[in-house]
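Structure first, commentary second.
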Amino acid sequence: MTASIDPAAWPEFRLAETDVDAAMALSAAVGWNQVAADWRLMLRLGQALGIRNRDGQLIATALSLPFGSRFGWVSMVIVDRDHRGLGLAMRLLKACVERLEAAGLVAGLDAAPAGRPVYLKLGFSDIWGMQRFEAARTSGLAGVTPPDGIRLRPIEATDWPAILAYDLTVFGDRREALLRDLAMRLPAAALLAEAAGKVRGYALGRPGRLAMQIGPLQADAPEIALALAGKAFAAIAGPVFIDVADRQESLQRWLAGGGFKVQRPFTRMLRGRTEPFDDTARLYAPAGPELA
């Protein structure tokens with residue numbers, strides 16, 4: 001970079017389907033797990049902003065993803081390594097926050113340690129923490145039998161009204177299109193826990209560039225969560241990630257006992273709000289930092 005370069009001359013633009021390959025190259029270059037299907041989903045449900053340099057190369061992105069009527073997500077804040085320190089991330093981040101707040105939504109995000117101090121300065125508050133666990137294989141996990149009366153089975157089309165009602169009470173807002181997309185992308189991990197016809201938990205997952213990602217994982221009790229996770233992991237061959245809420249110690253211990261290692265932490269943050277929208281007792285693993 002030279003002093004003659006004025007990044008303010010590089011305008012923001014809204015990413016479209018034709019930009020997916022460039023966006024994938026950018027997220028892969030920084031070592032993230034997204035695949036093209038993730039980018040397409042986020043572009044369909046939200047709005048991604050980008051900046052190109054004077055050579056037409058996509059060098060920065062950020063995305064806003066509104067949910068129902070309470071909050072929305074900010075994610076995919078990426079800047080090419082050769083263009084950092086120019087204020088591009090802050091510029092796009094502020095634009096995403098402004099878009100959500102203009103719609104009457106609270107802005108939320110999952111912050112990596114490097115980004116957390118920046119978000120604190122912008123008025124975001126820590127809500128709760130999580131750890132990303134990873135494993136090259138899941139064969140070391142101990143089997144978990146669901147509690148008496150709990151049945152685990154694949155999600156069926158007729159289950160969606162009940163699942164969405166359950167998710168609303170745990171997640172705190174509506175996200176039907178997102179959940180249905182995940183269920184189609186990794187059907188073997190799309191699992192329901194039920195008792196007497198009532199939803200007691202569910203699990204979803206998706207393929208990633210580096211590993212399968214399990215989440216969201218929600219359940220009424222730790223034993224149900226572990227049984228759902230065990231059945232989902234049994235369907236996966238190869239590397240896997242799962243982001244586990246810090247308070248869900250039983251799941252963390254079970255994963256550690258099966259050979260999972262902590263990769264890195266994240267902090268869930270909200271702007272202008274200090275109380276969670278989620279029911280943190282029943283949320284074991286979110287969908288991932290880019291999707292909440």
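Residues are named by chain letter and number: chains run A, B, ... in the order of the structure tokens, numbers start at 1 in each chain, and ligands are numbered from 1 in the order shown.
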
Practice prompt. Using only C-alpha atoms, determine which residues lie at most 10 Å from range 40-53 of chain A, disregarding the query and same-chain residues fewer than 2 positions distant; provide the list as a ChimeraX atom specification.
Written response: /A:5-7,9-20,23,35-38,55-67,72-79,83,88-89,91-93,95-96,99,175,177-178,181-182,290-291

Discussion item. Using DSSP assignments from the backbone, pull out every residue in range 118-183 of chain A that falls under alpha helix (DSSP H) and give it to me as a list in words.
Written reply: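 Alpha helix (DSSP H) assignments inside range 118-183 of chain A correspond to Val118, Tyr119, Leu120, Lys121, Trp160, Pro161, Ala162, Ile163, Leu164, Ala165, Tyr166, Asp167, Leu168, Thr169, Val170, Phe171, Glu176, Ala177, Leu178, Leu179, Arg180, Asp181, Leu182 and Ala183 of chain A.
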
Interface rows for range 186-247 of chain A against range 127-130 of chain A: nearest pair, Å to one decimal, 7 Å, only C-alpha atoms, as a Markdown table:
| residue | atom | partner | partner_atom | distance |
| --- | --- | --- | --- | --- |
| A:Asp243 | CA | A:Met130 | CA | 6.2 |
| A:Val244 | CA | A:Met130 | CA | 5.3 |
| A:Ala245 | CA | A:Met130 | CA | 4.1 |
| A:Asp246 | CA | A:Met130 | CA | 4.8 |

Might you pull out every residue within 12 Å of Ala235 in chain A, with only C-alpha atoms counted and same-chain residues fewer than 2 positions away left off, and present them as a PDB file with N, CA, C and O atoms, in the first residue's frame?
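Generated file (selection16.pdb):
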ATOM      1  N   ARG A 137     -12.232 -36.553  13.958  1.00  0.00           N
ATOM      2  CA  ARG A 137     -13.219 -37.626  13.820  1.00  0.00           C
ATOM      3  C   ARG A 137     -14.016 -37.705  15.110  1.00  0.00           C
ATOM      4  O   ARG A 137     -13.572 -37.203  16.149  1.00  0.00           O
ATOM      5  N   THR A 138     -15.169 -38.337  15.051  1.00  0.00           N
ATOM      6  CA  THR A 138     -16.053 -38.381  16.216  1.00  0.00           C
ATOM      7  C   THR A 138     -16.156 -39.775  16.827  1.00  0.00           C
ATOM      8  O   THR A 138     -16.970 -40.001  17.718  1.00  0.00           O
ATOM      9  N   SER A 139     -15.310 -40.680  16.389  1.00  0.00           N
ATOM     10  CA  SER A 139     -15.430 -42.073  16.838  1.00  0.00           C
ATOM     11  C   SER A 139     -15.082 -42.249  18.309  1.00  0.00           C
ATOM     12  O   SER A 139     -15.414 -43.276  18.911  1.00  0.00           O
ATOM     13  N   PRO A 154     -35.346 -38.520  12.647  1.00  0.00           N
ATOM     14  CA  PRO A 154     -35.126 -37.472  11.652  1.00  0.00           C
ATOM     15  C   PRO A 154     -36.291 -36.478  11.614  1.00  0.00           C
ATOM     16  O   PRO A 154     -37.447 -36.843  11.849  1.00  0.00           O
ATOM     17  N   LEU A 186     -27.761 -30.826   5.391  1.00  0.00           N
ATOM     18  CA  LEU A 186     -27.163 -31.977   6.076  1.00  0.00           C
ATOM     19  C   LEU A 186     -28.285 -32.782   6.734  1.00  0.00           C
ATOM     20  O   LEU A 186     -28.454 -32.776   7.951  1.00  0.00           O
ATOM     21  N   PRO A 187     -29.064 -33.487   5.920  1.00  0.00           N
ATOM     22  CA  PRO A 187     -30.253 -34.185   6.454  1.00  0.00           C
ATOM     23  C   PRO A 187     -29.936 -35.193   7.542  1.00  0.00           C
ATOM     24  O   PRO A 187     -30.760 -35.395   8.451  1.00  0.00           O
ATOM     25  N   ALA A 188     -28.765 -35.815   7.492  1.00  0.00           N
ATOM     26  CA  ALA A 188     -28.439 -36.830   8.489  1.00  0.00           C
ATOM     27  C   ALA A 188     -28.320 -36.241   9.890  1.00  0.00           C
ATOM     28  O   ALA A 188     -28.469 -36.963  10.890  1.00  0.00           O
ATOM     29  N   ALA A 189     -28.052 -34.945   9.988  1.00  0.00           N
ATOM     30  CA  ALA A 189     -27.923 -34.290  11.292  1.00  0.00           C
ATOM     31  C   ALA A 189     -29.167 -33.505  11.661  1.00  0.00           C
ATOM     32  O   ALA A 189     -29.188 -32.834  12.695  1.00  0.00           O
ATOM     33  N   ALA A 190     -30.216 -33.563  10.840  1.00  0.00           N
ATOM     34  CA  ALA A 190     -31.470 -32.853  11.113  1.00  0.00           C
ATOM     35  C   ALA A 190     -32.348 -33.757  11.966  1.00  0.00           C
ATOM     36  O   ALA A 190     -33.092 -34.597  11.456  1.00  0.00           O
ATOM     37  N   LEU A 191     -32.264 -33.588  13.287  1.00  0.00           N
ATOM     38  CA  LEU A 191     -32.837 -34.539  14.233  1.00  0.00           C
ATOM     39  C   LEU A 191     -33.775 -33.860  15.215  1.00  0.00           C
ATOM     40  O   LEU A 191     -33.547 -32.717  15.631  1.00  0.00           O
ATOM     41  N   LEU A 204     -29.383 -29.458  14.092  1.00  0.00           N
ATOM     42  CA  LEU A 204     -29.134 -29.282  12.666  1.00  0.00           C
ATOM     43  C   LEU A 204     -27.632 -29.173  12.448  1.00  0.00           C
ATOM     44  O   LEU A 204     -26.853 -29.033  13.391  1.00  0.00           O
ATOM     45  N   GLY A 205     -27.232 -29.215  11.194  1.00  0.00           N
ATOM     46  CA  GLY A 205     -25.825 -29.051  10.859  1.00  0.00           C
ATOM     47  C   GLY A 205     -25.679 -28.656   9.410  1.00  0.00           C
ATOM     48  O   GLY A 205     -26.671 -28.532   8.683  1.00  0.00           O
ATOM     49  N   ARG A 206     -24.442 -28.481   8.985  1.00  0.00           N
ATOM     50  CA  ARG A 206     -24.185 -28.105   7.588  1.00  0.00           C
ATOM     51  C   ARG A 206     -22.752 -28.444   7.219  1.00  0.00           C
ATOM     52  O   ARG A 206     -21.864 -28.466   8.082  1.00  0.00           O
ATOM     53  N   MET A 212     -17.483 -30.207   8.996  1.00  0.00           N
ATOM     54  CA  MET A 212     -18.918 -30.108   9.227  1.00  0.00           C
ATOM     55  C   MET A 212     -19.155 -29.246  10.467  1.00  0.00           C
ATOM     56  O   MET A 212     -18.357 -29.267  11.408  1.00  0.00           O
ATOM     57  N   ILE A 214     -21.957 -28.528  13.457  1.00  0.00           N
ATOM     58  CA  ILE A 214     -23.205 -28.904  14.115  1.00  0.00           C
ATOM     59  C   ILE A 214     -23.749 -27.699  14.875  1.00  0.00           C
ATOM     60  O   ILE A 214     -23.032 -27.050  15.631  1.00  0.00           O
ATOM     61  N   LEU A 228     -28.856 -36.068  21.230  1.00  0.00           N
ATOM     62  CA  LEU A 228     -28.994 -35.481  19.897  1.00  0.00           C
ATOM     63  C   LEU A 228     -27.631 -35.290  19.241  1.00  0.00           C
ATOM     64  O   LEU A 228     -27.436 -35.637  18.070  1.00  0.00           O
ATOM     65  N   ALA A 229     -26.684 -34.732  20.000  1.00  0.00           N
ATOM     66  CA  ALA A 229     -25.353 -34.497  19.444  1.00  0.00           C
ATOM     67  C   ALA A 229     -24.689 -35.812  19.054  1.00  0.00           C
ATOM     68  O   ALA A 229     -24.066 -35.921  17.988  1.00  0.00           O
ATOM     69  N   GLY A 230     -24.837 -36.820  19.906  1.00  0.00           N
ATOM     70  CA  GLY A 230     -24.222 -38.106  19.597  1.00  0.00           C
ATOM     71  C   GLY A 230     -24.773 -38.708  18.326  1.00  0.00           C
ATOM     72  O   GLY A 230     -24.016 -39.262  17.511  1.00  0.00           O
ATOM     73  N   LYS A 231     -26.069 -38.617  18.126  1.00  0.00           N
ATOM     74  CA  LYS A 231     -26.676 -39.166  16.910  1.00  0.00           C
ATOM     75  C   LYS A 231     -26.259 -38.362  15.689  1.00  0.00           C
ATOM     76  O   LYS A 231     -26.014 -38.931  14.614  1.00  0.00           O
ATOM     77  N   ALA A 232     -26.152 -37.041  15.831  1.00  0.00           N
ATOM     78  CA  ALA A 232     -25.703 -36.210  14.710  1.00  0.00           C
ATOM     79  C   ALA A 232     -24.256 -36.513  14.352  1.00  0.00           C
ATOM     80  O   ALA A 232     -23.909 -36.670  13.173  1.00  0.00           O
ATOM     81  N   PHE A 233     -23.402 -36.619  15.359  1.00  0.00           N
ATOM     82  CA  PHE A 233     -21.984 -36.905  15.097  1.00  0.00           C
ATOM     83  C   PHE A 233     -21.792 -38.282  14.478  1.00  0.00           C
ATOM     84  O   PHE A 233     -20.873 -38.492  13.685  1.00  0.00           O
ATOM     85  N   ALA A 237     -18.622 -38.320   8.927  1.00  0.00           N
ATOM     86  CA  ALA A 237     -17.291 -38.898   8.776  1.00  0.00           C
ATOM     87  C   ALA A 237     -16.328 -37.759   8.453  1.00  0.00           C
ATOM     88  O   ALA A 237     -16.466 -37.099   7.437  1.00  0.00           O
ATOM     89  N   GLY A 238     -15.373 -37.540   9.328  1.00  0.00           N
ATOM     90  CA  GLY A 238     -14.411 -36.483   9.051  1.00  0.00           C
ATOM     91  C   GLY A 238     -14.474 -35.359  10.052  1.00  0.00           C
ATOM     92  O   GLY A 238     -15.173 -35.435  11.059  1.00  0.00           O
ATOM     93  N   PRO A 239     -13.756 -34.276   9.798  1.00  0.00           N
ATOM     94  CA  PRO A 239     -13.643 -33.178  10.763  1.00  0.00           C
ATOM     95  C   PRO A 239     -14.986 -32.532  11.069  1.00  0.00           C
ATOM     96  O   PRO A 239     -15.878 -32.469  10.217  1.00  0.00           O
ATOM     97  N   VAL A 240     -15.107 -32.023  12.314  1.00  0.00           N
ATOM     98  CA  VAL A 240     -16.364 -31.409  12.750  1.00  0.00           C
ATOM     99  C   VAL A 240     -16.066 -30.274  13.712  1.00  0.00           C
ATOM    100  O   VAL A 240     -15.113 -30.331  14.486  1.00  0.00           O
TER     101      VAL A 240
END

Worksheet entry | Residue set, range 142-214 of chain A restricted to strand (DSSP E), as a VMD selection string | chain A and resid 151 to 154 191 to 195 198 to 206 212 to 214

Those selected residues, please, written with N, CA, C and O atoms and delivered as a PDB file, in the first residue's frame.
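Generated file (again_39.pdb):
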ATOM      1  N   ARG A 151     -37.786 -39.778  22.377  1.00  0.00           N
ATOM      2  CA  ARG A 151     -37.527 -40.447  21.104  1.00  0.00           C
ATOM      3  C   ARG A 151     -36.754 -39.509  20.193  1.00  0.00           C
ATOM      4  O   ARG A 151     -37.112 -38.342  20.037  1.00  0.00           O
ATOM      5  N   LEU A 152     -35.676 -40.013  19.598  1.00  0.00           N
ATOM      6  CA  LEU A 152     -34.905 -39.257  18.618  1.00  0.00           C
ATOM      7  C   LEU A 152     -35.225 -39.793  17.223  1.00  0.00           C
ATOM      8  O   LEU A 152     -35.235 -41.006  17.011  1.00  0.00           O
ATOM      9  N   ARG A 153     -35.447 -38.898  16.282  1.00  0.00           N
ATOM     10  CA  ARG A 153     -35.747 -39.333  14.916  1.00  0.00           C
ATOM     11  C   ARG A 153     -35.429 -38.202  13.942  1.00  0.00           C
ATOM     12  O   ARG A 153     -35.276 -37.036  14.346  1.00  0.00           O
ATOM     13  N   PRO A 154     -35.346 -38.520  12.647  1.00  0.00           N
ATOM     14  CA  PRO A 154     -35.126 -37.472  11.652  1.00  0.00           C
ATOM     15  C   PRO A 154     -36.291 -36.478  11.614  1.00  0.00           C
ATOM     16  O   PRO A 154     -37.447 -36.843  11.849  1.00  0.00           O
ATOM     17  N   LEU A 191     -32.264 -33.588  13.287  1.00  0.00           N
ATOM     18  CA  LEU A 191     -32.837 -34.539  14.233  1.00  0.00           C
ATOM     19  C   LEU A 191     -33.775 -33.860  15.215  1.00  0.00           C
ATOM     20  O   LEU A 191     -33.547 -32.717  15.631  1.00  0.00           O
ATOM     21  N   LEU A 192     -34.800 -34.598  15.599  1.00  0.00           N
ATOM     22  CA  LEU A 192     -35.794 -34.107  16.547  1.00  0.00           C
ATOM     23  C   LEU A 192     -35.802 -35.002  17.780  1.00  0.00           C
ATOM     24  O   LEU A 192     -35.712 -36.233  17.665  1.00  0.00           O
ATOM     25  N   ALA A 193     -35.910 -34.388  18.947  1.00  0.00           N
ATOM     26  CA  ALA A 193     -36.170 -35.126  20.185  1.00  0.00           C
ATOM     27  C   ALA A 193     -37.592 -34.808  20.609  1.00  0.00           C
ATOM     28  O   ALA A 193     -37.965 -33.630  20.722  1.00  0.00           O
ATOM     29  N   GLU A 194     -38.393 -35.835  20.852  1.00  0.00           N
ATOM     30  CA  GLU A 194     -39.792 -35.611  21.208  1.00  0.00           C
ATOM     31  C   GLU A 194     -40.215 -36.557  22.322  1.00  0.00           C
ATOM     32  O   GLU A 194     -39.616 -37.620  22.522  1.00  0.00           O
ATOM     33  N   ALA A 195     -41.251 -36.146  23.025  1.00  0.00           N
ATOM     34  CA  ALA A 195     -41.863 -36.980  24.052  1.00  0.00           C
ATOM     35  C   ALA A 195     -43.356 -36.701  24.044  1.00  0.00           C
ATOM     36  O   ALA A 195     -43.771 -35.539  24.143  1.00  0.00           O
ATOM     37  N   LYS A 198     -44.462 -33.956  21.809  1.00  0.00           N
ATOM     38  CA  LYS A 198     -43.994 -32.601  22.099  1.00  0.00           C
ATOM     39  C   LYS A 198     -42.500 -32.491  21.817  1.00  0.00           C
ATOM     40  O   LYS A 198     -41.717 -33.379  22.176  1.00  0.00           O
ATOM     41  N   VAL A 199     -42.084 -31.390  21.189  1.00  0.00           N
ATOM     42  CA  VAL A 199     -40.666 -31.155  20.907  1.00  0.00           C
ATOM     43  C   VAL A 199     -39.926 -30.925  22.214  1.00  0.00           C
ATOM     44  O   VAL A 199     -40.317 -30.079  23.028  1.00  0.00           O
ATOM     45  N   ARG A 200     -38.844 -31.684  22.393  1.00  0.00           N
ATOM     46  CA  ARG A 200     -37.995 -31.507  23.579  1.00  0.00           C
ATOM     47  C   ARG A 200     -36.588 -31.070  23.202  1.00  0.00           C
ATOM     48  O   ARG A 200     -35.745 -30.862  24.068  1.00  0.00           O
ATOM     49  N   GLY A 201     -36.336 -30.944  21.890  1.00  0.00           N
ATOM     50  CA  GLY A 201     -35.042 -30.478  21.423  1.00  0.00           C
ATOM     51  C   GLY A 201     -34.877 -30.808  19.952  1.00  0.00           C
ATOM     52  O   GLY A 201     -35.668 -31.569  19.384  1.00  0.00           O
ATOM     53  N   TYR A 202     -33.866 -30.214  19.337  1.00  0.00           N
ATOM     54  CA  TYR A 202     -33.571 -30.543  17.939  1.00  0.00           C
ATOM     55  C   TYR A 202     -32.121 -30.194  17.643  1.00  0.00           C
ATOM     56  O   TYR A 202     -31.469 -29.449  18.385  1.00  0.00           O
ATOM     57  N   ALA A 203     -31.619 -30.752  16.545  1.00  0.00           N
ATOM     58  CA  ALA A 203     -30.255 -30.491  16.092  1.00  0.00           C
ATOM     59  C   ALA A 203     -30.257 -30.332  14.579  1.00  0.00           C
ATOM     60  O   ALA A 203     -31.031 -30.986  13.872  1.00  0.00           O
ATOM     61  N   LEU A 204     -29.383 -29.458  14.092  1.00  0.00           N
ATOM     62  CA  LEU A 204     -29.134 -29.282  12.666  1.00  0.00           C
ATOM     63  C   LEU A 204     -27.632 -29.173  12.448  1.00  0.00           C
ATOM     64  O   LEU A 204     -26.853 -29.033  13.391  1.00  0.00           O
ATOM     65  N   GLY A 205     -27.232 -29.215  11.194  1.00  0.00           N
ATOM     66  CA  GLY A 205     -25.825 -29.051  10.859  1.00  0.00           C
ATOM     67  C   GLY A 205     -25.679 -28.656   9.410  1.00  0.00           C
ATOM     68  O   GLY A 205     -26.671 -28.532   8.683  1.00  0.00           O
ATOM     69  N   ARG A 206     -24.442 -28.481   8.985  1.00  0.00           N
ATOM     70  CA  ARG A 206     -24.185 -28.105   7.588  1.00  0.00           C
ATOM     71  C   ARG A 206     -22.752 -28.444   7.219  1.00  0.00           C
ATOM     72  O   ARG A 206     -21.864 -28.466   8.082  1.00  0.00           O
ATOM     73  N   MET A 212     -17.483 -30.207   8.996  1.00  0.00           N
ATOM     74  CA  MET A 212     -18.918 -30.108   9.227  1.00  0.00           C
ATOM     75  C   MET A 212     -19.155 -29.246  10.467  1.00  0.00           C
ATOM     76  O   MET A 212     -18.357 -29.267  11.408  1.00  0.00           O
ATOM     77  N   GLN A 213     -20.238 -28.489  10.469  1.00  0.00           N
ATOM     78  CA  GLN A 213     -20.587 -27.671  11.635  1.00  0.00           C
ATOM     79  C   GLN A 213     -21.926 -28.147  12.176  1.00  0.00           C
ATOM     80  O   GLN A 213     -22.921 -28.164  11.442  1.00  0.00           O
ATOM     81  N   ILE A 214     -21.957 -28.528  13.457  1.00  0.00           N
ATOM     82  CA  ILE A 214     -23.205 -28.904  14.115  1.00  0.00           C
ATOM     83  C   ILE A 214     -23.749 -27.699  14.875  1.00  0.00           C
ATOM     84  O   ILE A 214     -23.032 -27.050  15.631  1.00  0.00           O
TER      85      ILE A 214
END

Worksheet item: So which one's closest to Arg271 in chain A, A:Ala8, A:Leu105, A:Leu26, A:Ile150? Using only C-alpha atoms, please.
Response: A:Leu105

Worksheet, complete the sentence: In terms of only C-alpha atoms, the residue from A:Phe277, A:Ala112, A:Val97, A:Ala136 at minimal distance from Ile236 in chain A is A:Ala136

Practice prompt. Identify which of the residues A:Arg180, A:Arg282, A:Arg81, A:Arg264 lies closest to Pro222 in chain A, counting only C-alpha atoms when measuring atom-to-atom distances.
Written response: A:Arg282

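The coordinates place CA of Phe266 in chain A at 22.5 Å from CA of Gly85 in chain A.
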
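The neighbours of Leu164 in chain A here are the residues that come within 9 Å of it, using only C-alpha atoms and leaving out any residue fewer than 2 positions away in the same chain; they are A:Asp159, A:Trp160, A:Pro161, A:Ala162, A:Tyr166, A:Asp167, A:Leu168, A:Thr169, A:Arg174, A:Arg175, A:Glu176, A:Leu179.
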
Store the residues picked out above, limited to all heavy atoms, as an mmCIF file, in the first residue's frame.
data_model
loop_
_atom_site.group_PDB
_atom_site.id
_atom_site.type_symbol
_atom_site.label_atom_id
_atom_site.label_comp_id
_atom_site.auth_asym_id
_atom_site.auth_seq_id
_atom_site.Cartn_x
_atom_site.Cartn_y
_atom_site.Cartn_z
ATOM 1 N N ASP A 159 -43.116 -31.681 10.945
ATOM 2 C CA ASP A 159 -42.592 -31.248 12.244
ATOM 3 C C ASP A 159 -42.326 -29.747 12.315
ATOM 4 O O ASP A 159 -42.153 -29.204 13.420
ATOM 5 C CB ASP A 159 -41.276 -31.967 12.568
ATOM 6 C CG ASP A 159 -41.429 -33.460 12.731
ATOM 7 O OD1 ASP A 159 -42.452 -33.882 13.304
ATOM 8 O OD2 ASP A 159 -40.533 -34.204 12.279
ATOM 9 N N TRP A 160 -42.260 -29.078 11.178
ATOM 10 C CA TRP A 160 -41.756 -27.710 11.183
ATOM 11 C C TRP A 160 -42.566 -26.732 12.030
ATOM 12 O O TRP A 160 -41.971 -25.906 12.741
ATOM 13 C CB TRP A 160 -41.580 -27.202 9.753
ATOM 14 C CG TRP A 160 -40.299 -27.702 9.171
ATOM 15 C CD1 TRP A 160 -40.144 -28.648 8.199
ATOM 16 C CD2 TRP A 160 -38.975 -27.338 9.570
ATOM 17 N NE1 TRP A 160 -38.807 -28.892 7.963
ATOM 18 C CE2 TRP A 160 -38.070 -28.103 8.801
ATOM 19 C CE3 TRP A 160 -38.461 -26.455 10.513
ATOM 20 C CZ2 TRP A 160 -36.689 -27.990 8.933
ATOM 21 C CZ3 TRP A 160 -37.081 -26.331 10.659
ATOM 22 C CH2 TRP A 160 -36.210 -27.097 9.879
ATOM 23 N N PRO A 161 -43.875 -26.743 12.012
ATOM 24 C CA PRO A 161 -44.589 -25.794 12.891
ATOM 25 C C PRO A 161 -44.176 -25.922 14.351
ATOM 26 O O PRO A 161 -43.960 -24.909 15.041
ATOM 27 C CB PRO A 161 -46.058 -26.150 12.659
ATOM 28 C CG PRO A 161 -46.090 -26.696 11.260
ATOM 29 C CD PRO A 161 -44.819 -27.481 11.131
ATOM 30 N N ALA A 162 -44.043 -27.152 14.838
ATOM 31 C CA ALA A 162 -43.667 -27.358 16.238
ATOM 32 C C ALA A 162 -42.210 -26.970 16.485
ATOM 33 O O ALA A 162 -41.873 -26.383 17.527
ATOM 34 C CB ALA A 162 -43.904 -28.812 16.642
ATOM 35 N N TYR A 166 -40.862 -23.985 18.974
ATOM 36 C CA TYR A 166 -39.855 -24.277 20.001
ATOM 37 C C TYR A 166 -38.650 -23.360 19.838
ATOM 38 O O TYR A 166 -38.166 -22.761 20.804
ATOM 39 C CB TYR A 166 -39.447 -25.750 19.889
ATOM 40 C CG TYR A 166 -38.469 -26.219 20.939
ATOM 41 C CD1 TYR A 166 -38.923 -26.703 22.165
ATOM 42 C CD2 TYR A 166 -37.102 -26.200 20.703
ATOM 43 C CE1 TYR A 166 -38.034 -27.155 23.132
ATOM 44 C CE2 TYR A 166 -36.199 -26.649 21.664
ATOM 45 C CZ TYR A 166 -36.667 -27.115 22.882
ATOM 46 O OH TYR A 166 -35.778 -27.559 23.836
ATOM 47 N N ASP A 167 -38.163 -23.236 18.608
ATOM 48 C CA ASP A 167 -36.977 -22.405 18.352
ATOM 49 C C ASP A 167 -37.217 -20.959 18.749
ATOM 50 O O ASP A 167 -36.318 -20.291 19.253
ATOM 51 C CB ASP A 167 -36.589 -22.496 16.873
ATOM 52 C CG ASP A 167 -35.325 -21.708 16.566
ATOM 53 O OD1 ASP A 167 -34.238 -22.178 16.964
ATOM 54 O OD2 ASP A 167 -35.422 -20.632 15.951
ATOM 55 N N LEU A 168 -38.431 -20.465 18.527
ATOM 56 C CA LEU A 168 -38.743 -19.082 18.891
ATOM 57 C C LEU A 168 -38.564 -18.852 20.386
ATOM 58 O O LEU A 168 -38.063 -17.797 20.800
ATOM 59 C CB LEU A 168 -40.172 -18.747 18.469
ATOM 60 C CG LEU A 168 -40.674 -17.336 18.799
ATOM 61 C CD1 LEU A 168 -39.802 -16.276 18.132
ATOM 62 C CD2 LEU A 168 -42.127 -17.189 18.361
ATOM 63 N N THR A 169 -38.920 -19.830 21.197
ATOM 64 C CA THR A 169 -38.785 -19.663 22.649
ATOM 65 C C THR A 169 -37.337 -19.779 23.109
ATOM 66 O O THR A 169 -36.991 -19.281 24.181
ATOM 67 C CB THR A 169 -39.634 -20.701 23.405
ATOM 68 O OG1 THR A 169 -39.108 -22.021 23.185
ATOM 69 C CG2 THR A 169 -41.085 -20.643 22.972
ATOM 70 N N ARG A 174 -37.667 -15.091 14.977
ATOM 71 C CA ARG A 174 -38.079 -16.021 13.930
ATOM 72 C C ARG A 174 -36.993 -16.154 12.862
ATOM 73 O O ARG A 174 -36.410 -15.159 12.434
ATOM 74 C CB ARG A 174 -39.388 -15.537 13.293
ATOM 75 C CG ARG A 174 -40.515 -15.435 14.305
ATOM 76 C CD ARG A 174 -41.825 -15.027 13.669
ATOM 77 N NE ARG A 174 -42.853 -14.798 14.669
ATOM 78 C CZ ARG A 174 -43.565 -15.755 15.249
ATOM 79 N NH1 ARG A 174 -43.363 -17.019 14.907
ATOM 80 N NH2 ARG A 174 -44.463 -15.474 16.170
ATOM 81 N N ARG A 175 -36.759 -17.394 12.407
ATOM 82 C CA ARG A 175 -35.727 -17.644 11.391
ATOM 83 C C ARG A 175 -36.046 -18.907 10.582
ATOM 84 O O ARG A 175 -35.189 -19.764 10.377
ATOM 85 C CB ARG A 175 -34.344 -17.751 12.034
ATOM 86 C CG ARG A 175 -34.262 -18.746 13.202
ATOM 87 C CD ARG A 175 -32.861 -18.908 13.692
ATOM 88 N NE ARG A 175 -32.809 -19.837 14.820
ATOM 89 C CZ ARG A 175 -31.673 -20.287 15.365
ATOM 90 N NH1 ARG A 175 -30.508 -19.909 14.879
ATOM 91 N NH2 ARG A 175 -31.700 -21.129 16.388
ATOM 92 N N GLU A 176 -37.254 -19.023 10.130
ATOM 93 C CA GLU A 176 -37.716 -20.240 9.463
ATOM 94 C C GLU A 176 -36.888 -20.585 8.241
ATOM 95 O O GLU A 176 -36.465 -21.745 8.062
ATOM 96 C CB GLU A 176 -39.186 -20.109 9.067
ATOM 97 C CG GLU A 176 -39.726 -21.323 8.322
ATOM 98 C CD GLU A 176 -41.200 -21.237 8.023
ATOM 99 O OE1 GLU A 176 -41.849 -20.251 8.434
ATOM 100 O OE2 GLU A 176 -41.723 -22.178 7.373
ATOM 101 N N LEU A 179 -33.420 -22.089 9.096
ATOM 102 C CA LEU A 179 -33.447 -23.449 9.643
ATOM 103 C C LEU A 179 -33.817 -24.477 8.586
ATOM 104 O O LEU A 179 -33.222 -25.568 8.528
ATOM 105 C CB LEU A 179 -34.428 -23.525 10.810
ATOM 106 C CG LEU A 179 -34.102 -22.654 12.032
ATOM 107 C CD1 LEU A 179 -35.136 -22.888 13.121
ATOM 108 C CD2 LEU A 179 -32.695 -22.924 12.547
#

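Interatomic distance, CA of Ala227 in chain A to CA of Ala157 in chain A: 21.8 Å.
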
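The nearest approach to Arg253 in chain A among the residues A:Ala29, A:Ala165, A:Ile224, A:Ala142, with only C-alpha atoms taken into account, belongs to A:Ala142.
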
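Reported to one decimal place, the separation of CA of Phe71 in chain A from CA of Arg273 in chain A is 10.6 Å.
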